[in-house]
$ cat data.cif   # mmCIF, C-alpha atoms
data_my_file
loop_
_atom_site.label_atom_id
_atom_site.label_comp_id
_atom_site.auth_asym_id
_atom_site.auth_seq_id
_atom_site.Cartn_x
_atom_site.Cartn_y
_atom_site.Cartn_z
CA MET A 1 -20.69 21.88 -15.12
CA ILE A 2 -21.06 23.58 -18.48
CA ALA A 3 -19.36 24.30 -21.76
CA ILE A 4 -18.10 27.85 -21.86
CA ALA A 5 -18.62 30.22 -24.76
CA THR A 6 -16.46 33.15 -25.77
CA VAL A 7 -17.01 35.60 -22.92
CA ASP A 8 -14.73 38.58 -22.35
CA GLN A 9 -16.89 41.32 -20.85
CA VAL A 10 -19.32 41.51 -17.96
CA VAL A 11 -22.94 42.67 -18.02
CA THR A 12 -23.08 43.48 -14.30
CA PRO A 13 -20.18 43.20 -11.81
CA ASN A 14 -18.82 39.63 -11.85
CA ILE A 15 -21.75 38.35 -13.93
CA VAL A 16 -21.65 37.51 -17.63
CA GLU A 17 -24.62 36.68 -19.83
CA ALA A 18 -23.72 35.08 -23.13
CA ALA A 19 -25.32 33.33 -26.08
CA VAL A 20 -23.67 30.07 -27.13
CA GLY A 21 -24.05 28.54 -30.58
CA ILE A 22 -23.82 24.78 -30.90
CA ILE A 23 -23.44 24.66 -34.67
CA GLN A 24 -24.49 21.16 -35.62
CA HIS A 25 -24.23 19.25 -38.88
CA MET A 26 -26.90 16.69 -39.76
CA ASP A 27 -24.36 13.97 -38.91
CA GLY A 28 -24.16 15.29 -35.33
CA LEU A 29 -20.72 16.91 -35.57
CA VAL A 30 -20.44 20.24 -33.74
CA LEU A 31 -18.11 23.17 -34.28
CA LEU A 32 -15.52 24.00 -31.61
CA ALA A 33 -13.12 26.94 -31.55
CA GLU A 34 -9.72 27.30 -29.85
CA ARG A 35 -9.28 30.54 -27.94
CA PRO A 36 -6.42 32.50 -29.54
CA VAL A 37 -3.27 33.78 -27.85
CA GLY A 38 -3.89 37.03 -26.00
CA LYS A 39 -7.30 36.11 -24.63
CA PRO A 40 -8.02 34.59 -21.20
CA TRP A 41 -7.95 30.79 -21.32
CA SER A 42 -6.00 30.87 -24.60
CA GLY A 43 -5.47 27.41 -26.03
CA TYR A 44 -8.70 26.08 -24.54
CA TRP A 45 -11.53 24.86 -26.78
CA GLU A 46 -15.09 26.16 -26.58
CA PHE A 47 -18.39 26.57 -28.37
CA PRO A 48 -18.54 29.89 -30.25
CA GLY A 49 -20.64 32.75 -28.95
CA GLY A 50 -20.33 35.79 -26.76
CA LYS A 51 -21.74 38.49 -24.57
CA VAL A 52 -25.37 39.59 -24.65
CA GLU A 53 -25.23 43.35 -25.06
CA ALA A 54 -27.53 45.83 -23.32
CA ASN A 55 -31.00 45.93 -24.88
CA GLU A 56 -30.24 42.73 -26.81
CA THR A 57 -31.99 39.35 -26.52
CA PRO A 58 -29.92 36.14 -26.36
CA GLU A 59 -31.30 35.24 -29.79
CA GLN A 60 -30.08 38.53 -31.26
CA ALA A 61 -26.71 38.11 -29.57
CA LEU A 62 -26.38 34.60 -31.03
CA LYS A 63 -26.84 35.82 -34.60
CA ARG A 64 -24.56 38.83 -34.15
CA GLU A 65 -21.75 36.94 -32.41
CA LEU A 66 -21.66 34.06 -34.89
CA HIS A 67 -21.56 36.52 -37.77
CA GLU A 68 -18.74 38.51 -36.14
CA GLU A 69 -16.71 35.48 -35.05
CA LEU A 70 -17.34 33.06 -37.92
CA GLY A 71 -18.77 35.09 -40.80
CA ILE A 72 -21.95 32.99 -41.00
CA THR A 73 -25.60 34.04 -41.10
CA VAL A 74 -27.79 31.95 -38.83
CA ASN A 75 -31.02 30.84 -40.53
CA GLU A 76 -32.49 28.24 -38.19
CA PHE A 77 -31.86 27.46 -34.54
CA TYR A 78 -33.54 25.99 -31.47
CA PRO A 79 -33.36 27.31 -27.89
CA TRP A 80 -31.85 24.62 -25.68
CA LEU A 81 -30.31 24.80 -22.19
CA THR A 82 -29.52 27.69 -19.87
CA ARG A 83 -26.73 27.04 -17.39
CA SER A 84 -24.75 29.09 -14.87
CA PHE A 85 -21.22 28.47 -13.70
CA ASP A 86 -18.95 30.17 -11.16
CA TYR A 87 -15.38 30.76 -12.31
CA SER A 88 -12.58 31.30 -9.83
CA ALA A 89 -9.88 33.83 -10.63
CA LYS A 90 -7.16 32.42 -12.93
CA TYR A 91 -3.50 33.45 -12.57
CA ASP A 92 -0.54 32.91 -14.87
CA ALA A 93 2.75 31.25 -13.87
CA ARG A 94 4.11 34.55 -12.49
CA GLY A 95 1.08 35.11 -10.28
CA HIS A 96 -0.46 37.80 -12.46
CA LEU A 97 -4.24 37.87 -12.72
CA GLU A 98 -5.19 36.40 -16.09
CA SER A 99 -8.96 36.14 -15.68
CA PRO A 100 -11.02 37.53 -12.77
CA ALA A 101 -13.56 35.54 -10.83
CA LYS A 102 -17.00 35.74 -12.38
CA THR A 103 -20.31 33.97 -12.85
CA VAL A 104 -21.45 33.17 -16.36
CA LYS A 105 -25.03 32.57 -17.41
CA LEU A 106 -25.05 30.87 -20.77
CA TYR A 107 -27.98 30.55 -23.17
CA PHE A 108 -27.29 27.55 -25.41
CA PHE A 109 -28.83 27.30 -28.87
CA ILE A 110 -28.67 24.44 -31.39
CA VAL A 111 -27.91 25.98 -34.78
CA VAL A 112 -29.01 23.70 -37.62
CA ALA A 113 -29.02 25.96 -40.71
CA TRP A 114 -26.75 28.81 -41.75
CA ASP A 115 -25.31 30.58 -44.78
CA GLY A 116 -21.57 30.70 -45.34
CA GLU A 117 -18.65 28.52 -44.32
CA PRO A 118 -17.46 29.12 -40.73
CA PHE A 119 -14.07 30.85 -40.65
CA GLY A 120 -12.05 32.04 -37.64
CA LEU A 121 -12.32 35.81 -38.05
CA GLU A 122 -10.67 36.33 -34.63
CA ARG A 123 -7.66 34.13 -35.48
CA GLN A 124 -9.23 31.17 -33.67
CA THR A 125 -8.69 27.63 -34.97
CA LEU A 126 -11.91 25.75 -35.75
CA SER A 127 -12.64 22.03 -35.68
CA TRP A 128 -15.71 19.88 -36.36
CA GLN A 129 -15.98 17.33 -33.55
CA ASN A 130 -18.06 14.37 -32.40
CA PRO A 131 -19.24 15.62 -28.97
CA LEU A 132 -18.83 12.12 -27.49
CA GLN A 133 -15.39 11.49 -29.00
CA LEU A 134 -13.40 14.71 -28.93
CA SER A 135 -9.98 14.77 -30.55
CA VAL A 136 -9.11 18.28 -29.27
CA SER A 137 -8.23 19.43 -25.77
CA PRO A 138 -8.27 20.98 -23.29
CA MET A 139 -11.86 22.08 -23.16
CA LEU A 140 -12.87 25.02 -21.00
CA PRO A 141 -13.86 23.80 -17.50
CA ALA A 142 -16.91 21.69 -16.78
CA ASN A 143 -18.00 20.76 -20.30
CA ALA A 144 -19.08 17.16 -19.62
CA PRO A 145 -22.85 17.69 -19.07
CA ILE A 146 -23.18 19.73 -22.27
CA LEU A 147 -21.22 17.24 -24.35
CA ASP A 148 -23.13 14.29 -22.86
CA ALA A 149 -26.46 16.03 -23.43
CA LEU A 150 -25.60 16.54 -27.10
CA GLY A 151 -25.29 12.76 -27.37
CA LEU A 152 -28.92 12.22 -26.34
CA PRO A 153 -31.22 11.25 -29.24
CA LEU A 154 -34.22 13.35 -30.22
CA ILE A 155 -36.75 10.54 -29.72
CA TYR A 156 -37.36 8.75 -26.40
CA ALA A 157 -39.65 5.74 -26.88
CA ILE A 158 -41.77 4.29 -24.07
CA THR A 159 -42.85 0.66 -24.44
CA ASN A 160 -46.54 -0.08 -24.92
CA LEU A 161 -46.85 -3.85 -24.67
CA ASN A 162 -50.21 -3.47 -22.94
CA GLU A 163 -51.88 -2.40 -26.21
CA LEU A 164 -49.99 -4.77 -28.51
CA SER A 165 -49.41 -8.50 -28.64
CA ASP A 166 -45.96 -9.69 -27.62
CA ALA A 167 -45.04 -10.66 -31.17
CA LEU A 168 -46.37 -7.41 -32.65
CA PHE A 169 -44.53 -5.26 -30.12
CA PHE A 170 -41.15 -6.82 -30.88
CA GLU A 171 -41.87 -6.59 -34.59
CA HIS A 172 -42.50 -2.86 -34.18
CA LEU A 173 -39.48 -2.47 -31.88
CA LYS A 174 -37.14 -4.02 -34.42
CA MET A 175 -38.60 -1.82 -37.14
CA ALA A 176 -38.08 1.29 -35.00
CA LEU A 177 -34.49 0.28 -34.20
CA ASP A 178 -33.84 -0.35 -37.89
CA ASN A 179 -35.09 3.20 -38.51
CA GLY A 180 -32.68 4.71 -35.99
CA LEU A 181 -34.39 4.57 -32.57
CA GLN A 182 -31.67 4.95 -29.92
CA MET A 183 -33.40 5.27 -26.53
CA ILE A 184 -36.21 3.28 -24.92
CA GLN A 185 -37.94 3.22 -21.54
CA VAL A 186 -39.44 -0.10 -20.42
CA ARG A 187 -42.67 0.92 -18.69
CA GLU A 188 -45.08 -1.97 -18.19
CA LYS A 189 -46.74 -1.51 -14.80
CA GLN A 190 -49.31 -4.24 -15.52
CA LEU A 191 -46.64 -6.97 -15.48
CA SER A 192 -45.54 -8.93 -12.44
CA SER A 193 -41.99 -8.32 -11.25
CA ARG A 194 -40.74 -11.54 -12.87
CA ALA A 195 -42.63 -10.93 -16.14
CA TYR A 196 -41.30 -7.36 -16.25
CA GLN A 197 -37.71 -8.52 -15.84
CA LEU A 198 -38.08 -11.15 -18.57
CA PHE A 199 -39.63 -8.59 -20.91
CA ALA A 200 -36.93 -6.01 -20.09
CA LYS A 201 -34.20 -8.57 -20.79
CA ARG A 202 -35.63 -9.18 -24.26
CA VAL A 203 -35.85 -5.45 -25.00
CA ILE A 204 -32.28 -4.89 -23.76
CA ALA A 205 -30.93 -7.83 -25.76
CA LEU A 206 -32.48 -6.57 -28.99
CA ALA A 207 -31.56 -2.92 -28.34
CA SER A 208 -27.94 -3.83 -27.54
CA THR A 209 -27.37 -5.05 -31.10
CA TYR A 210 -28.17 -1.48 -32.22
CA LYS A 211 -26.23 0.14 -29.33
CA ALA A 212 -29.49 1.74 -28.16
CA LYS A 213 -29.97 2.84 -24.55
CA VAL A 214 -32.64 1.17 -22.41
CA PHE A 215 -34.07 2.67 -19.20
CA LEU A 216 -36.09 0.77 -16.59
CA ASN A 217 -39.08 2.51 -15.02
CA SER A 218 -38.60 2.83 -11.25
CA SER A 219 -42.20 1.87 -10.45
CA CYS A 220 -41.55 -1.56 -11.97
CA LEU A 221 -38.43 -2.16 -9.87
CA HIS A 222 -40.18 -1.92 -6.49
CA GLY A 223 -37.27 -0.06 -4.92
CA ASP A 224 -34.56 -2.41 -6.20
CA LEU A 225 -32.39 -0.10 -8.31
CA ASP A 226 -29.70 -2.80 -8.39
CA LEU A 227 -31.81 -4.44 -11.11
CA VAL A 228 -30.64 -1.72 -13.50
CA SER A 229 -27.09 -3.08 -13.40
CA LYS A 230 -28.13 -6.72 -13.06
CA LEU A 231 -30.20 -6.52 -16.23
CA ASN A 232 -27.50 -4.50 -18.08
CA ALA A 233 -29.84 -1.57 -18.62
CA SER A 234 -28.43 1.88 -19.39
CA GLY A 235 -30.25 3.61 -16.56
CA VAL A 236 -33.36 4.18 -14.49
CA HIS A 237 -36.31 6.43 -15.28
CA LEU A 238 -37.85 7.71 -12.06
CA THR A 239 -41.54 8.40 -11.60
CA SER A 240 -42.21 11.87 -10.19
CA GLU A 241 -43.00 10.26 -6.82
CA ASP A 242 -39.76 8.29 -6.76
CA LEU A 243 -37.85 11.39 -7.86
CA MET A 244 -39.04 13.39 -4.86
CA ARG A 245 -38.11 10.53 -2.48
CA LEU A 246 -34.58 10.24 -3.85
CA LYS A 247 -31.81 11.69 -1.65
CA CYS A 248 -29.01 11.52 -4.22
CA ARG A 249 -28.79 10.28 -7.79
CA PRO A 250 -27.23 6.90 -8.61
CA ASP A 251 -23.71 7.39 -9.91
CA ASN A 252 -23.16 4.09 -11.72
CA PHE A 253 -25.79 4.46 -14.45
CA LEU A 254 -27.87 7.12 -16.22
CA CYS A 255 -30.80 8.66 -14.39
CA SER A 256 -33.87 10.45 -15.77
CA ALA A 257 -37.26 11.34 -14.33
CA SER A 258 -40.84 12.28 -15.11
CA CYS A 259 -41.80 15.80 -13.99
CA HIS A 260 -45.11 17.63 -13.89
CA SER A 261 -44.34 20.77 -11.85
CA LYS A 262 -41.68 23.40 -11.22
CA GLU A 263 -40.91 21.84 -7.84
CA GLN A 264 -40.08 18.53 -9.50
CA LEU A 265 -38.05 20.22 -12.24
CA ASP A 266 -36.01 22.11 -9.65
CA TYR A 267 -35.36 18.95 -7.63
CA ALA A 268 -34.24 17.00 -10.71
CA LYS A 269 -31.83 19.84 -11.48
CA LYS A 270 -30.54 19.83 -7.89
CA LEU A 271 -29.83 16.09 -8.10
CA GLY A 272 -28.05 16.54 -11.42
CA LEU A 273 -30.10 14.07 -13.45
CA ASP A 274 -29.15 13.38 -17.06
CA PHE A 275 -32.50 14.53 -18.51
CA ILE A 276 -36.16 14.81 -17.64
CA VAL A 277 -39.52 14.22 -19.30
CA LEU A 278 -42.17 16.93 -18.82
CA SER A 279 -45.84 16.10 -19.30
CA PRO A 280 -48.57 16.22 -20.33
CA VAL A 281 -48.12 18.74 -23.11
CA MET A 282 -51.33 17.67 -24.82
CA SER A 283 -54.20 15.34 -23.88
CA THR A 284 -53.15 11.72 -23.55
CA LEU A 285 -54.98 8.42 -23.11
CA SER A 286 -52.64 7.29 -20.33
CA HIS A 287 -53.61 10.28 -18.12
CA PRO A 288 -57.07 11.35 -19.34
CA ASN A 289 -57.81 13.50 -16.28
CA ALA A 290 -54.55 15.47 -16.33
CA ILE A 291 -54.77 19.10 -17.45
CA PRO A 292 -52.48 19.60 -20.49
CA LEU A 293 -49.73 22.18 -20.18
CA GLY A 294 -49.99 23.30 -23.79
CA TRP A 295 -46.88 24.59 -25.50
CA ASP A 296 -47.02 27.94 -23.69
CA GLY A 297 -47.15 26.23 -20.30
CA PHE A 298 -44.38 23.86 -21.30
CA THR A 299 -42.14 26.73 -22.40
CA GLU A 300 -42.80 28.70 -19.21
CA LEU A 301 -41.89 25.75 -16.96
CA ILE A 302 -38.54 25.11 -18.66
CA LYS A 303 -37.52 28.75 -19.05
CA ASP A 304 -33.81 29.06 -18.14
CA TYR A 305 -33.69 25.33 -17.34
CA ALA A 306 -30.36 23.52 -17.20
CA LEU A 307 -31.27 19.90 -18.06
CA PRO A 308 -32.36 18.43 -21.41
CA VAL A 309 -36.17 18.10 -21.49
CA TYR A 310 -38.32 15.71 -23.52
CA ALA A 311 -41.92 16.72 -24.21
CA LEU A 312 -44.48 13.98 -23.51
CA GLY A 313 -48.23 13.75 -23.92
CA GLY A 314 -49.97 13.30 -27.26
CA MET A 315 -46.67 13.45 -29.13
CA LYS A 316 -46.12 12.22 -32.67
CA ALA A 317 -42.99 12.40 -34.80
CA SER A 318 -44.52 15.41 -36.57
CA ASN A 319 -44.40 17.35 -33.26
CA LEU A 320 -40.59 17.21 -32.98
CA HIS A 321 -39.88 20.51 -34.74
CA GLU A 322 -42.49 22.40 -32.71
CA ALA A 323 -41.22 20.84 -29.47
CA ARG A 324 -37.67 21.98 -30.19
CA LEU A 325 -38.86 25.49 -31.04
CA HIS A 326 -40.33 25.58 -27.52
CA GLY A 327 -37.04 24.57 -25.88
CA ALA A 328 -37.39 20.77 -25.74
CA HIS A 329 -34.40 18.58 -26.46
CA GLY A 330 -36.78 16.14 -28.13
CA ILE A 331 -40.04 14.25 -27.69
CA ALA A 332 -41.08 11.13 -25.77
CA MET A 333 -43.76 8.85 -27.19
CA GLN A 334 -45.64 5.88 -25.78
CA ARG A 335 -48.28 5.34 -28.49
CA GLY A 336 -47.13 7.52 -31.36
CA LEU A 337 -44.21 5.22 -32.16
CA TRP A 338 -45.90 1.83 -31.90
CA ILE A 339 -49.49 2.23 -33.14
#

$ encode --input "data.cif" --output "structure tokens"
Amino acid sequence: MIAIATVDQVVTPNIVEAAVGIIQHMDGLVLLAERPVGKPWSGYWEFPGGKVEANETPEQALKRELHEELGITVNEFYPWLTRSFDYSAKYDARGHLESPAKTVKLYFFIVVAWDGEPFGLERQTLSWQNPLQLSVSPMLPANAPILDALGLPLIYAITNLNELSDALFFEHLKMALDNGLQMIQVREKQLSSRAYQLFAKRVIALASTYKAKVFLNSSCLHGDLDLVSKLNASGVHLTSEDLMRLKCRPDNFLCSASCHSKEQLDYAKKLGLDFIVLSPVMSTLSHPNAIPLGWDGFTELIKDYALPVYALGGMKASNLHEARLHGAHGIAMQRGLWI
């Protein structure tokens, strides 16, 4: 279920730890490399990176490997996902062992600033690609979740009609969409079921003209997840309570959830959700009695976590850089975007 980096040696028997660099231009294109002839899985495409050496941190391995493979010096990067994947043994057409069975633990980093122009120093072909519209193949096994996660925007907006007039909210929504907003959760628990559906329809209709994703909050659906498809929403956002009651994730639309504990994070990972929101990072008006995690608590909870995480609770656009430095994919905002 992951994108595989350049990994040729093991740290302990049958286990590989590697640092993976997702080298990303401002336009969202990412750098892929084709494994050269003579290496296992030759001809397959991957994100560059490699083995974490003894007495080396993943961050140190990232910088070293990208310099050795591509000739670049990494200047700025963000920690992102950590995923493990079990590889079966791979044999060639004559039945000879080409690649032994092994487990890989991959530390993914988003690299946003570097010196030098990437060049294939190991005879690998390089290509800048849109992660959602690849023109190269085949990719190393189980890349879909990584590629899909790269397509998630950095800002996740939560509606706040309750503190704005109807006209003012839609004025602000259009302004935010004009400025690039691409993902919205409709969370209006004060509305009746009918009023919620009418409001959601208006948000979805406006967002669709910008190709923005809209999620419906599960607490407003009263158990009727079919409304997600009926209203042409992109997905459902589960409350932490609804998350823990779910037996399996819906497979016909996107699924995210609110989490506040390690138990909830682990269950969201087990269900294979598309992303989660972790809160509260800081004090927030919507949950005045909740004890904030702080950035240290946030970082500790998502250490070695496999799903993209949005930080929520007292967030403003100015917090995005700090959130990403602490491992968040992005930030979620309920008031910071509208007021």

$ residues_near_point --input "data.cif" --point "(-38.0, 28.7, -29.6)" --cutoff "6 Å" --atoms "all atoms listed in the file" --output "VMD selection string"
chain A and resid 78 to 79 325 to 327

$ closest_residue --input "data.cif" --among "A:Ser261, A:Ser256, A:Asn319, A:Asn162" --to "A:Met183" --atoms "only C-alpha atoms"
A:Ser256

$ residues_near_point --input "data.cif" --point "(-6.3, 28.8, -21.0)" --cutoff "10 Å" --atoms "only C-alpha atoms" --output "NGL selection string"
:A and (34-45 or 90 or 92 or 98-99 or 138-141)

$ resolve_selection --input "data.cif" --expression "the PyMOL selection byres ((chain A and resi 205) around 12)" --output "ChimeraX atom specification"
/A:170,173-174,198-204,206-214,231-234

$ closest_residue --input "data.cif" --among "A:Leu70, A:Leu164, A:Val20, A:Leu307" --to "A:Gly49" --atoms "only C-alpha atoms"
A:Val20

$ closest_atom_pairs --input "data.cif" --of "stretch 133-196 of chain A" --to "stretch 268-285 of chain A" --cutoff "12 Å" --atoms "all atoms listed in the file" --output "JSON lines"
{"residue": "A:Ala144", "atom": "CA", "partner": "A:Asp274", "partner_atom": "CA", "distance": 11.1}
{"residue": "A:Pro145", "atom": "CA", "partner": "A:Asp274", "partner_atom": "CA", "distance": 7.9}
{"residue": "A:Ile146", "atom": "CA", "partner": "A:Asp274", "partner_atom": "CA", "distance": 10.2}
{"residue": "A:Leu147", "atom": "CA", "partner": "A:Asp274", "partner_atom": "CA", "distance": 11.4}
{"residue": "A:Asp148", "atom": "CA", "partner": "A:Asp274", "partner_atom": "CA", "distance": 8.4}
{"residue": "A:Ala149", "atom": "CA", "partner": "A:Asp274", "partner_atom": "CA", "distance": 7.4}
{"residue": "A:Leu150", "atom": "CA", "partner": "A:Asp274", "partner_atom": "CA", "distance": 11.1}
{"residue": "A:Gly151", "atom": "CA", "partner": "A:Asp274", "partner_atom": "CA", "distance": 11.0}
{"residue": "A:Leu152", "atom": "CA", "partner": "A:Phe275", "partner_atom": "CA", "distance": 8.9}
{"residue": "A:Pro153", "atom": "CA", "partner": "A:Phe275", "partner_atom": "CA", "distance": 11.3}
{"residue": "A:Leu154", "atom": "CA", "partner": "A:Phe275", "partner_atom": "CA", "distance": 11.9}
{"residue": "A:Ile155", "atom": "CA", "partner": "A:Val277", "partner_atom": "CA", "distance": 11.4}
{"residue": "A:Tyr156", "atom": "CA", "partner": "A:Val277", "partner_atom": "CA", "distance": 9.2}
{"residue": "A:Ala157", "atom": "CA", "partner": "A:Val277", "partner_atom": "CA", "distance": 11.4}
{"residue": "A:Ile158", "atom": "CA", "partner": "A:Val277", "partner_atom": "CA", "distance": 11.2}
{"residue": "A:Glu163", "atom": "CA", "partner": "A:Leu285", "partner_atom": "CA", "distance": 11.7}
{"residue": "A:Gln185", "atom": "CA", "partner": "A:Val277", "partner_atom": "CA", "distance": 11.3}

$ resolve_selection --input "data.cif" --expression "the PyMOL selection byres ((chain A and resi 76) around 10)" --output "PyMOL selection string"
chain A and resi 73-75+77-78+110-114+325

$ closest_residue --input "data.cif" --among "A:Ala195, A:Ala306, A:Asp242, A:His67" --to "A:Phe85" --atoms "all atoms listed in the file"
A:Ala306

$ atom_distance --input "data.cif" --atom1 "atom CA of A:Gln197" --atom2 "atom CA of A:Leu161"
13.5 Å

$ resolve_selection --input "data.cif" --expression "the PyMOL selection byres ((chain A and resi 336) around 12)" --output "ChimeraX atom specification"
/A:155-160,172,176,284-285,312-320,331-335,337-339

$ atom_distance --input "data.cif" --atom1 "atom CA of A:Arg187" --atom2 "atom CA of A:Leu221"
10.3 Å

$ atom_distance --input "data.cif" --atom1 "atom CA of A:Val16" --atom2 "atom CA of A:Gly50"
9.4 Å

$ axis_aligned_box --input "data.cif" --around "stretch 216-222 of chain A" --padding-each-side "4 Å" --output "lines of an AutoDock Vina configuration file"
center_x = -39.1
center_y = 0.3
center_z = -11.5
size_x = 14.1
size_y = 13.0
size_z = 18.1

$ closest_residue --input "data.cif" --among "A:Asp27, A:Glu69, A:Glu300, A:Glu17" --to "A:Lys51" --atoms "all atoms listed in the file"
A:Glu17

$ residues_around --input "data.cif" --residues "A:Leu243" --least-positions-apart "2" --cutoff "8 Å" --atoms "all atoms listed in the file" --output "MDAnalysis selection string"
chainID A and resid 238:241 245:246 257:258 264 267:268

$ closest_residue --input "data.cif" --among "A:Leu181, A:Val228, A:Cys248, A:Phe108" --to "A:His329" --atoms "only C-alpha atoms"
A:Phe108

$ residues_around --input "data.cif" --residues "A:Lys105" --least-positions-apart "6" --cutoff "10 Å" --atoms "all atoms listed in the file" --output "PyMOL selection string"
chain A and resi 2+4+15-19+51+82-86+304
